[in-house]
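Engineer: This is the structure I want to talk about, given as structure tokens.
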Amino acid sequence: MSLPGTEAVRPRTAPTMIIAAVLAPLGGLACSVISYLMAMAAVDALPLRTLFNGPIPLQGFRPLGLVAALIGLIVIAVLVALIVWLVARAASPRYGFAAVLFGGWMAVILGGWLAALVTAPLVAMDIRFPPDMIGQMVLQRIGAGGGWGLYWGWLTGLAAAVVFLITNRGGRGGPVPGQPTP
């Protein structure tokens with residue numbers, strides 16, 4: 001039983017989830033393309049290469065490399081959508097901005113990490129990496145994916161938080177099932 005004026009309201013989560021699920025893979029793809037182009041142009045500035053090192057492996061346009069990139073994009077989109085949906089659903093409709101911001105940021109970090117982990121074996125097969133160095137390459141890819149999320153994930157988190165704030169302005173939303181309505 002709730003007091004009058006304190007009804008539980010479920011926040012709107014679909015727009016927040018969709019914007020995060022679209023922005024995170026696009027950002028990962030953009031950083032990976034920039035990193036690939038910098039490598040092809042032989043740019044040797046380590047800070048720039050590190051800043052734009054993306055979670056999605058682009059090793060040319062060979063079939064296995066493109067499959068790895070597509071799988072990476074899907075993993076990022078699905079994981080970010082799931083985590084942002086869970087965070088936005090649990091957040092307060094009126095005061096959930098910070099929760100969605102940091103939850104979205106963490107979702108991108110985890111999405112980049114997992115995408116790199118899933119695609120690393122495909123990259124190793126694609127470029128015929130020496131078997132004794134595969135472990136090192138996998139760890140490097142995981143670090144690159146998580147680092148990308150740490151560097152750039154706040155942008156997705158911020159966009160998701162702004163969308164959450166706009167769509168839940170004034171605490172509007174649907175009533176929680178099972179709660180009495182006034």
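Residue numbers start at 1 in each chain; chains themselves are named A, B, ... in the order of the structure tokens; ligands are numbered from 1 in the order shown.
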With only C-alpha atoms counted and 10 Å as the cut-off, give the residues of range 21-71 of chain A in contact with range 127-148 of chain A, each with its shortest interatomic distance in Å and the pair that gives it, as a Markdown table.
Structural biologist:
| residue | atom | partner | partner_atom | distance |
| --- | --- | --- | --- | --- |
| A:Gly27 | CA | A:Trp148 | CA | 9.4 |
| A:Gly28 | CA | A:Trp148 | CA | 7.7 |
| A:Cys31 | CA | A:Trp148 | CA | 8.3 |
| A:Ser32 | CA | A:Trp148 | CA | 9.6 |
| A:Thr50 | CA | A:Ala144 | CA | 8.2 |
| A:Leu51 | CA | A:Trp148 | CA | 7.5 |
| A:Phe52 | CA | A:Trp148 | CA | 7.4 |
| A:Asn53 | CA | A:Ala144 | CA | 6.1 |
| A:Gly54 | CA | A:Trp148 | CA | 5.6 |
| A:Pro55 | CA | A:Gly145 | CA | 4.0 |
| A:Ile56 | CA | A:Gly145 | CA | 7.6 |
| A:Pro57 | CA | A:Arg141 | CA | 8.4 |
| A:Gln59 | CA | A:Ile127 | CA | 7.8 |
| A:Gly60 | CA | A:Ile127 | CA | 9.9 |
| A:Arg62 | CA | A:Ile127 | CA | 9.6 |
| A:Leu64 | CA | A:Ile127 | CA | 9.3 |
| A:Gly65 | CA | A:Ile127 | CA | 8.6 |
Engineer: Tell me, as a PyMOL selection string, which residues lie within 6 Å of Ala107 in chain A, counting only C-alpha atoms; anything in the same chain fewer than 4 positions away does not count.
Structural biologist: chain A and resi 80+83+111
Engineer: Quick one: everything within 7 Å of Thr16 in chain A, counting only C-alpha atoms, minus sequence neighbours fewer than 4 positions away in the same chain. Send it as a VMD selection string.
Structural biologist: chain A and resid 20 160 163 to 164
Engineer: Write down as a PyMOL selection string the residues of chain A whose backbone DSSP state falls under helix (DSSP H, G or I).
Structural biologist: chain A and resi 14-40+46-51+63-90+97-126+131-167+169-171
Engineer: If you measure from CA of Gly157 in chain A to CA of Met106 in chain A, what distance in Å do you get, rounded to one decimal?
Structural biologist: 8.2 Å
Engineer: Could you give me the residues within chain A that DSSP places in strand (DSSP E), as a PyMOL selection string?
Structural biologist: chain A and resi 9-10+174-175
Engineer: From the set A:Gly103, A:Pro25, A:Gly72, A:Pro93, which residue has the shortest atom-to-atom contact distance to Val123 in chain A, counting only C-alpha atoms?
Structural biologist: A:Gly72
Engineer: In Å, rounded to a single decimal, give me how far CA of Leu117 in chain A is from CA of Trp85 in chain A.
Structural biologist: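 Here the two named atoms are 22.7 Å from each other.
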Engineer: In Å, rounded to a single decimal, give me how far CA of Arg94 in chain A is from CA of Asn168 in chain A.
Structural biologist: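 One can read the CA of Asn168 in chain A to CA of Arg94 in chain A distance as 6.6 Å.
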Engineer: Near Leu158 in chain A, counting only C-alpha atoms, which residues have an atom at most 9 Å away, once you skip same-chain residues fewer than 5 positions from it, shown as a list in words?
Structural biologist: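 Neighbouring residues, sequence-local ones excluded: Phe97, Ala98, Val100, Leu101, Phe102, Gly104, Trp105, Gly153 and Val163 of chain A.
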Engineer: Residues of the last selection are to be written out with N, CA and C atoms, as a PDB file, in the first residue's frame.
Structural biologist:
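New file part-v7.pdb:
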ATOM      1  N   PHE A  97      19.229  10.471 -13.713  1.00  0.00           N
ATOM      2  CA  PHE A  97      20.208  10.936 -14.695  1.00  0.00           C
ATOM      3  C   PHE A  97      21.590  10.347 -14.436  1.00  0.00           C
ATOM      4  N   ALA A  98      22.084  10.476 -13.216  1.00  0.00           N
ATOM      5  CA  ALA A  98      23.432   9.993 -12.898  1.00  0.00           C
ATOM      6  C   ALA A  98      23.516   8.476 -13.009  1.00  0.00           C
ATOM      7  N   VAL A 100      21.822   6.512 -15.008  1.00  0.00           N
ATOM      8  CA  VAL A 100      21.857   6.127 -16.418  1.00  0.00           C
ATOM      9  C   VAL A 100      23.177   6.559 -17.055  1.00  0.00           C
ATOM     10  N   LEU A 101      23.701   7.716 -16.679  1.00  0.00           N
ATOM     11  CA  LEU A 101      24.987   8.166 -17.210  1.00  0.00           C
ATOM     12  C   LEU A 101      26.087   7.168 -16.881  1.00  0.00           C
ATOM     13  N   PHE A 102      26.245   6.852 -15.603  1.00  0.00           N
ATOM     14  CA  PHE A 102      27.329   5.950 -15.214  1.00  0.00           C
ATOM     15  C   PHE A 102      27.033   4.504 -15.593  1.00  0.00           C
ATOM     16  N   GLY A 104      25.346   3.610 -18.298  1.00  0.00           N
ATOM     17  CA  GLY A 104      25.626   3.559 -19.731  1.00  0.00           C
ATOM     18  C   GLY A 104      27.109   3.531 -20.022  1.00  0.00           C
ATOM     19  N   TRP A 105      27.868   4.310 -19.262  1.00  0.00           N
ATOM     20  CA  TRP A 105      29.314   4.327 -19.428  1.00  0.00           C
ATOM     21  C   TRP A 105      29.883   2.941 -19.119  1.00  0.00           C
ATOM     22  N   GLY A 153      33.101   5.873 -23.684  1.00  0.00           N
ATOM     23  CA  GLY A 153      31.795   5.416 -23.232  1.00  0.00           C
ATOM     24  C   GLY A 153      30.959   6.484 -22.562  1.00  0.00           C
ATOM     25  N   VAL A 163      18.489  11.456 -22.924  1.00  0.00           N
ATOM     26  CA  VAL A 163      17.249  10.892 -23.467  1.00  0.00           C
ATOM     27  C   VAL A 163      16.365  10.386 -22.332  1.00  0.00           C
TER      28      VAL A 163
END
Engineer: Fewer than 2 positions away in the same chain doesn't count, so skip those; otherwise give me all residues within 12 Å of Thr167 in chain A, counting only C-alpha atoms, as a PDB file with C-alpha atoms, in the first residue's frame.
Structural biologist:
ATOM      1  CA  ARG A  10       8.061   2.803 -14.021  1.00  0.00           C
ATOM      2  CA  PRO A  11      10.355   4.960 -16.159  1.00  0.00           C
ATOM      3  CA  ARG A  12      10.262   4.880 -19.937  1.00  0.00           C
ATOM      4  CA  THR A  13      13.290   2.881 -21.002  1.00  0.00           C
ATOM      5  CA  ALA A  14      12.923   2.048 -24.707  1.00  0.00           C
ATOM      6  CA  PRO A  15      14.227   5.366 -26.140  1.00  0.00           C
ATOM      7  CA  THR A  16      17.163   5.319 -23.726  1.00  0.00           C
ATOM      8  CA  MET A  17      18.046   1.748 -24.616  1.00  0.00           C
ATOM      9  CA  ALA A  88      17.140   2.735 -16.761  1.00  0.00           C
ATOM     10  CA  PRO A  93      12.181   8.518 -13.335  1.00  0.00           C
ATOM     11  CA  ARG A  94      12.879  11.970 -11.916  1.00  0.00           C
ATOM     12  CA  GLY A  96      17.937   8.770 -12.540  1.00  0.00           C
ATOM     13  CA  PHE A  97      20.208  10.936 -14.695  1.00  0.00           C
ATOM     14  CA  ALA A 160      21.389   7.914 -22.873  1.00  0.00           C
ATOM     15  CA  ALA A 161      21.032   9.954 -19.668  1.00  0.00           C
ATOM     16  CA  VAL A 162      19.775  13.012 -21.562  1.00  0.00           C
ATOM     17  CA  VAL A 163      17.249  10.892 -23.467  1.00  0.00           C
ATOM     18  CA  PHE A 164      16.199   9.272 -20.179  1.00  0.00           C
ATOM     19  CA  LEU A 165      15.740  12.696 -18.592  1.00  0.00           C
ATOM     20  CA  ARG A 169      10.435  14.538 -17.430  1.00  0.00           C
ATOM     21  CA  GLY A 170       8.105  15.201 -14.548  1.00  0.00           C
ATOM     22  CA  GLY A 171       8.090  11.582 -13.469  1.00  0.00           C
ATOM     23  CA  ARG A 172       5.757  10.555 -16.262  1.00  0.00           C
ATOM     24  CA  GLY A 173       5.637   6.897 -17.096  1.00  0.00           C
ATOM     25  CA  GLY A 174       3.408   3.946 -16.688  1.00  0.00           C
TER      26      GLY A 174
END
